[in-house]
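*Asks:* Please read through the structure below; I'll follow up with questions.
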Number of protein chains: 2
Amino acid sequence: MSMTTLWERSRQVAVQAILDTAVRLFAEQGYEQTTIAQIAREAGISQRSLFRYFGTKEDLVCGDQEALGELLKRTVEQQPAEMSAWDALRAGFEVILTANHPPERALELSRLIFDTPSLHARYIEKRLHWQAELVPVIRARLGNGPSGAVPETQSKAIVATVFACIDTATELWAGHDGRIDLADLYDQCLAAVRGHD
Amino acid sequence: MSMTTLWERSRQVAVQAILDTAVRLFAEQGYEQTTIAQIAREAGISQRSLFRYFGTKEDLVCGDQEALGELLKRTVEQQPAEMSAWDALRAGFEVILTANHPPERALELSRLIFDTPSLHARYIEKRLHWQAELVPVIRARLGNGPSGAVPETQSKAIVATVFACIDTATELWAGHDGRIDLADLYDQCLAAVRGHD
DNA sequence: CGCCTACTTGGCATTAACTGCCAGGAAGTC
DNA sequence: GACTTCCTGGCAGTTAATGCCAAGTAGGCG
């Protein structure tokens, strides 16, 4: 399985080292107060190479969202056809949860994101990208829902709401230091919105 | 009423001139391609002063959101106490709509925001700010809602969902060049999520 | 009107996030 | 061992943004 060229292997090592340094410094002094120069220095890499690994400073925190988006989309697609849009999205969310970082790291990152306005905004913006990719998947499943409305509007609204609830649940979860189950919080959010289920 | 010192009057004029120049240039060459230096030059002002009027480049596009957020909060607060949280938020949204720019300008700005990632992020950031300020207002109104859940979670989820629907409706509205009524789109989004009403 | 204070303006220097370019070195191929 | 390919680091340059200071202008007062 390690049929990787040495280049790729050492790249993984470098990426991990940079990421560890960055997250540590962000936690210690805050995101805005930490400069790229400092991260590069402490990670033992040139500033120029750091920008080759991570195109922007924000990617140091919310860079791997890309892969998670793909996983989410595939999971939702593969849910049985008779499942409602809401349940299919909920199943996808569940898979993301288990596939995510070790919970301690995820908690640290979540706190950083929710405490730093510019990061939070960037994070949501990246998420909007998967959101757009999920809309057609949900539209294909809308036979079960109420007819008479424009399916484009319906599916966009449903996906946006689900992500709003995921976001809210994650924020509450980070605020409680991870002591409350994230999936439970998500269900509470959705119940508050939809009033049943 | 024009009991304003000449300083404030000429400031209003300058702000408007800068804003007009900026929006025109953004529309002509795109947001990223337009530099602060160019805007300042064409508006006949120094770069330094431009940054005193608008703290950031993004504020040139979504700067007056601050005032709208205040208006939104006050409007929601002043709705009759027996009105549900959903209806109070809907009333606030309606007021924002009428208090907004002339529709042509609003459409242009919306498209610019949705098409420019960094702008979109900044817009989301400002929205998150109002969101946080609205949560206590909504929590105070939750006596009408289903009891048994944590009100903090409930109110956060409701506010987040409403904004998700506002965002979705606005995106659809901009995509249809403003030909569909924004309030109607919002109602459709909320109906798709809540299933009745 | 002349003076003083309050506030604004513009220029200069500086920082931080990026980007392009180019030389040099290590990894993989034959 | 030569050759190609790819990565790395340094250097210069751009852009947004901030602090500082000197110069100018509005407004109030004698």
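We name chains A, B, ... following the order of the structure tokens; residues begin at 1 in each chain, and ligands are numbered from 1 as shown.
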For chain B, work out the contacting residues on chain D at 9 Å, counting only C-alpha atoms (C1' of nucleotides), and write them as a list in words.
*Replies:*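 So the residues of chain D near chain B are DT15, DA16, DA17, DA26 and DG27 of chain D.
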*Asks:* How would the residues just picked look written out with all heavy atoms as an mmCIF file, in the first residue's frame?
*Replies:*
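Dumped to part-v6.cif:
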```cif
data_model
loop_
_atom_site.group_PDB
_atom_site.id
_atom_site.type_symbol
_atom_site.label_atom_id
_atom_site.label_comp_id
_atom_site.auth_asym_id
_atom_site.auth_seq_id
_atom_site.Cartn_x
_atom_site.Cartn_y
_atom_site.Cartn_z
ATOM 1 P P DT D 15 -1.006 45.753 -7.522
ATOM 2 O OP1 DT D 15 -1.909 45.584 -8.669
ATOM 3 O OP2 DT D 15 -0.310 47.032 -7.282
ATOM 4 O "O5'" DT D 15 -1.807 45.382 -6.191
ATOM 5 C "C5'" DT D 15 -2.331 44.071 -6.031
ATOM 6 C "C4'" DT D 15 -2.899 43.915 -4.642
ATOM 7 O "O4'" DT D 15 -1.823 43.649 -3.720
ATOM 8 C "C3'" DT D 15 -3.613 45.169 -4.122
ATOM 9 O "O3'" DT D 15 -4.882 44.802 -3.622
ATOM 10 C "C2'" DT D 15 -2.695 45.702 -3.034
ATOM 11 C "C1'" DT D 15 -2.029 44.412 -2.548
ATOM 12 N N1 DT D 15 -0.707 44.628 -1.908
ATOM 13 C C2 DT D 15 -0.402 43.945 -0.747
ATOM 14 O O2 DT D 15 -1.169 43.168 -0.225
ATOM 15 N N3 DT D 15 0.831 44.208 -0.243
ATOM 16 C C4 DT D 15 1.781 45.084 -0.749
ATOM 17 O O4 DT D 15 2.872 45.249 -0.187
ATOM 18 C C5 DT D 15 1.407 45.763 -1.951
ATOM 19 C C7 DT D 15 2.362 46.730 -2.585
ATOM 20 C C6 DT D 15 0.192 45.507 -2.473
ATOM 21 P P DA D 16 -5.935 45.968 -3.274
ATOM 22 O OP1 DA D 16 -7.177 45.629 -3.970
ATOM 23 O OP2 DA D 16 -5.312 47.296 -3.451
ATOM 24 O "O5'" DA D 16 -6.145 45.711 -1.716
ATOM 25 C "C5'" DA D 16 -6.598 44.437 -1.275
ATOM 26 C "C4'" DA D 16 -6.318 44.279 0.203
ATOM 27 O "O4'" DA D 16 -4.904 44.423 0.449
ATOM 28 C "C3'" DA D 16 -7.014 45.287 1.105
ATOM 29 O "O3'" DA D 16 -7.598 44.590 2.189
ATOM 30 C "C2'" DA D 16 -5.896 46.207 1.551
ATOM 31 C "C1'" DA D 16 -4.693 45.287 1.545
ATOM 32 N N9 DA D 16 -3.397 45.938 1.307
ATOM 33 C C8 DA D 16 -3.027 46.694 0.235
ATOM 34 N N7 DA D 16 -1.791 47.127 0.294
ATOM 35 C C5 DA D 16 -1.312 46.614 1.483
ATOM 36 C C6 DA D 16 -0.059 46.704 2.127
ATOM 37 N N6 DA D 16 0.978 47.384 1.636
ATOM 38 N N1 DA D 16 0.088 46.070 3.315
ATOM 39 C C2 DA D 16 -0.956 45.392 3.800
ATOM 40 N N3 DA D 16 -2.181 45.226 3.294
ATOM 41 C C4 DA D 16 -2.289 45.873 2.120
ATOM 42 P P DA D 17 -8.583 45.409 3.130
ATOM 43 O OP1 DA D 17 -9.433 44.424 3.811
ATOM 44 O OP2 DA D 17 -9.185 46.507 2.366
ATOM 45 O "O5'" DA D 17 -7.592 46.011 4.220
ATOM 46 C "C5'" DA D 17 -7.020 45.119 5.146
ATOM 47 C "C4'" DA D 17 -5.989 45.859 5.974
ATOM 48 O "O4'" DA D 17 -4.928 46.341 5.143
ATOM 49 C "C3'" DA D 17 -6.518 47.087 6.722
ATOM 50 O "O3'" DA D 17 -6.482 46.801 8.112
ATOM 51 C "C2'" DA D 17 -5.565 48.202 6.328
ATOM 52 C "C1'" DA D 17 -4.366 47.447 5.798
ATOM 53 N N9 DA D 17 -3.555 48.189 4.834
ATOM 54 C C8 DA D 17 -3.934 48.685 3.615
ATOM 55 N N7 DA D 17 -2.963 49.303 2.973
ATOM 56 C C5 DA D 17 -1.890 49.202 3.832
ATOM 57 C C6 DA D 17 -0.564 49.655 3.741
ATOM 58 N N6 DA D 17 -0.082 50.325 2.706
ATOM 59 N N1 DA D 17 0.263 49.388 4.785
ATOM 60 C C2 DA D 17 -0.220 48.709 5.833
ATOM 61 N N3 DA D 17 -1.442 48.239 6.029
ATOM 62 C C4 DA D 17 -2.229 48.520 4.981
ATOM 63 P P DA D 26 -13.226 74.783 5.104
ATOM 64 O OP1 DA D 26 -14.045 74.389 3.946
ATOM 65 O OP2 DA D 26 -12.639 76.133 5.186
ATOM 66 O "O5'" DA D 26 -14.098 74.529 6.419
ATOM 67 C "C5'" DA D 26 -14.720 73.258 6.593
ATOM 68 C "C4'" DA D 26 -15.140 73.080 8.039
ATOM 69 O "O4'" DA D 26 -13.977 73.184 8.897
ATOM 70 C "C3'" DA D 26 -16.142 74.120 8.546
ATOM 71 O "O3'" DA D 26 -17.141 73.459 9.305
ATOM 72 C "C2'" DA D 26 -15.304 75.044 9.411
ATOM 73 C "C1'" DA D 26 -14.226 74.096 9.940
ATOM 74 N N9 DA D 26 -12.946 74.731 10.234
ATOM 75 C C8 DA D 26 -12.126 75.392 9.364
ATOM 76 N N7 DA D 26 -11.017 75.837 9.912
ATOM 77 C C5 DA D 26 -11.105 75.446 11.233
ATOM 78 C C6 DA D 26 -10.252 75.616 12.333
ATOM 79 N N6 DA D 26 -9.073 76.270 12.253
ATOM 80 N N1 DA D 26 -10.633 75.104 13.509
ATOM 81 C C2 DA D 26 -11.799 74.456 13.573
ATOM 82 N N3 DA D 26 -12.697 74.231 12.608
ATOM 83 C C4 DA D 26 -12.288 74.754 11.447
ATOM 84 P P DG D 27 -18.454 74.185 9.681
ATOM 85 O OP1 DG D 27 -19.515 73.158 9.708
ATOM 86 O OP2 DG D 27 -18.578 75.380 8.835
ATOM 87 O "O5'" DG D 27 -18.180 74.639 11.185
ATOM 88 C "C5'" DG D 27 -17.862 73.651 12.155
ATOM 89 C "C4'" DG D 27 -17.597 74.316 13.498
ATOM 90 O "O4'" DG D 27 -16.249 74.851 13.490
ATOM 91 C "C3'" DG D 27 -18.532 75.501 13.795
ATOM 92 O "O3'" DG D 27 -19.084 75.344 15.094
ATOM 93 C "C2'" DG D 27 -17.629 76.723 13.710
ATOM 94 C "C1'" DG D 27 -16.259 76.143 14.029
ATOM 95 N N9 DG D 27 -15.155 76.865 13.408
ATOM 96 C C8 DG D 27 -15.071 77.331 12.116
ATOM 97 N N7 DG D 27 -13.941 77.937 11.850
ATOM 98 C C5 DG D 27 -13.229 77.874 13.036
ATOM 99 C C6 DG D 27 -11.936 78.371 13.350
ATOM 100 O O6 DG D 27 -11.150 78.978 12.628
ATOM 101 N N1 DG D 27 -11.608 78.081 14.674
ATOM 102 C C2 DG D 27 -12.407 77.422 15.569
ATOM 103 N N2 DG D 27 -11.912 77.253 16.778
ATOM 104 N N3 DG D 27 -13.625 76.957 15.284
ATOM 105 C C4 DG D 27 -13.965 77.219 14.007
#
```
*Asks:* Report as a compact mmCIF listing (two decimals) with N, CA and C atoms (P, O5', C5', C4', C3', O3' and C1' of nucleotides), in the first residue's frame all protein, DNA and RNA residues lying within 10 Å of DG10 in chain C, evaluated on only C-alpha atoms (C1' of nucleotides), omitting residues in the same chain fewer than 2 positions from it.
*Replies:*
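The file below, part.txt, is the result:
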```txt
# COMPACT_ATOMS: atom_id res chain seq x y z
N ILE B 45 -9.55 61.01 -4.12
CA ILE B 45 -9.31 61.01 -2.68
C ILE B 45 -8.04 60.21 -2.44
N SER B 46 -7.42 60.46 -1.28
CA SER B 46 -6.21 59.70 -1.00
C SER B 46 -6.56 58.30 -0.51
N GLN B 47 -5.64 57.39 -0.77
CA GLN B 47 -5.84 56.01 -0.35
C GLN B 47 -6.06 55.94 1.17
N ARG B 48 -5.29 56.76 1.88
CA ARG B 48 -5.39 56.75 3.33
C ARG B 48 -6.78 57.14 3.82
N SER B 49 -7.35 58.16 3.18
CA SER B 49 -8.68 58.61 3.60
C SER B 49 -9.74 57.59 3.24
P DT C 8 -13.15 63.79 12.32
O5' DT C 8 -12.53 64.22 10.92
C5' DT C 8 -13.07 65.36 10.25
C4' DT C 8 -12.11 65.78 9.13
C3' DT C 8 -11.67 64.62 8.24
O3' DT C 8 -11.86 65.00 6.88
C1' DT C 8 -9.78 65.81 9.03
P DC C 12 5.45 61.14 0.10
O5' DC C 12 5.97 60.27 1.34
C5' DC C 12 6.28 60.89 2.58
C4' DC C 12 6.59 59.82 3.61
C3' DC C 12 7.22 58.56 3.02
O3' DC C 12 8.43 58.25 3.68
C1' DC C 12 5.35 58.01 4.38
P DA D 22 5.66 66.03 13.14
O5' DA D 22 5.45 67.03 11.92
C5' DA D 22 5.98 66.69 10.64
C4' DA D 22 5.06 67.18 9.54
C3' DA D 22 4.65 68.66 9.66
O3' DA D 22 4.72 69.28 8.39
C1' DA D 22 2.73 67.30 9.54
P DA D 23 4.63 70.86 8.23
O5' DA D 23 3.22 71.07 7.50
C5' DA D 23 2.99 70.39 6.26
C4' DA D 23 1.53 70.48 5.89
C3' DA D 23 0.95 71.90 6.00
O3' DA D 23 0.25 72.21 4.81
C1' DA D 23 -0.42 70.36 7.18
P DG D 24 -0.33 73.71 4.60
O5' DG D 24 -1.90 73.49 4.65
C5' DG D 24 -2.51 72.56 3.75
C4' DG D 24 -3.90 72.22 4.23
C3' DG D 24 -4.82 73.45 4.38
O3' DG D 24 -5.96 73.26 3.56
C1' DG D 24 -4.91 72.06 6.31
```
*Asks:* One decimal, Å: what's the distance from CA of Asp187 in chain B over to CA of Glu171 in chain A, could you say?
*Replies:*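 Separating CA of Asp187 in chain B from CA of Glu171 in chain A is a distance of 26.9 Å.
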*Asks:* Give me, as JSON lines, each residue of chain A that comes within 7 Å of chain B, together with its shortest interatomic pair and the distance in Å at one decimal, counting only C-alpha atoms, with rows ordered by chain and rising residue number.
*Replies:*
```
{"residue": "A:Pro117", "atom": "CA", "partner": "B:Glu125", "partner_atom": "CA", "distance": 6.2}
{"residue": "A:Ser118", "atom": "CA", "partner": "B:Glu125", "partner_atom": "CA", "distance": 6.6}
{"residue": "A:Ala121", "atom": "CA", "partner": "B:Glu125", "partner_atom": "CA", "distance": 4.9}
{"residue": "A:Arg122", "atom": "CA", "partner": "B:Ala121", "partner_atom": "CA", "distance": 5.5}
{"residue": "A:Glu125", "atom": "CA", "partner": "B:Ala121", "partner_atom": "CA", "distance": 5.7}
{"residue": "A:Thr153", "atom": "CA", "partner": "B:Cys189", "partner_atom": "CA", "distance": 6.3}
{"residue": "A:Gln154", "atom": "CA", "partner": "B:Ala192", "partner_atom": "CA", "distance": 5.1}
{"residue": "A:Lys156", "atom": "CA", "partner": "B:Thr168", "partner_atom": "CA", "distance": 6.7}
{"residue": "A:Ala157", "atom": "CA", "partner": "B:Cys189", "partner_atom": "CA", "distance": 5.1}
{"residue": "A:Ile158", "atom": "CA", "partner": "B:Val193", "partner_atom": "CA", "distance": 5.8}
{"residue": "A:Ala160", "atom": "CA", "partner": "B:Ala164", "partner_atom": "CA", "distance": 5.6}
{"residue": "A:Thr161", "atom": "CA", "partner": "B:Thr161", "partner_atom": "CA", "distance": 5.3}
{"residue": "A:Ala164", "atom": "CA", "partner": "B:Ala160", "partner_atom": "CA", "distance": 5.6}
{"residue": "A:Cys165", "atom": "CA", "partner": "B:Ala157", "partner_atom": "CA", "distance": 5.9}
{"residue": "A:Thr168", "atom": "CA", "partner": "B:Ala157", "partner_atom": "CA", "distance": 6.1}
{"residue": "A:Cys189", "atom": "CA", "partner": "B:Ala157", "partner_atom": "CA", "distance": 5.1}
{"residue": "A:Ala192", "atom": "CA", "partner": "B:Gln154", "partner_atom": "CA", "distance": 5.2}
{"residue": "A:Val193", "atom": "CA", "partner": "B:Ile158", "partner_atom": "CA", "distance": 5.8}
{"residue": "A:Arg194", "atom": "CA", "partner": "B:Arg194", "partner_atom": "CA", "distance": 5.0}
```
*Asks:* Using only C-alpha atoms (C1' of nucleotides), determine which residues lie at most 12 Å from Arg179 in chain B, disregarding the query and same-chain residues fewer than 6 positions distant; provide the list as a PyMOL selection string.
*Replies:* chain B and resi 103-104+107+170+172-173+185
*Asks:* Do me a favour and pick out the residues of chain C within 12 Å of chain A, using only C-alpha atoms (C1' of nucleotides), as JSON, numbers by chain.
*Replies:* {"C": [15, 16, 17, 18, 19, 20, 26, 27, 28]}
*Asks:* Take CA of Phe54 in chain B and CA of Gly69 in chain B and report the distance between them in Å, one decimal.
*Replies:*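 If I compute the distance from CA of Phe54 in chain B to CA of Gly69 in chain B, I get 17.6 Å.
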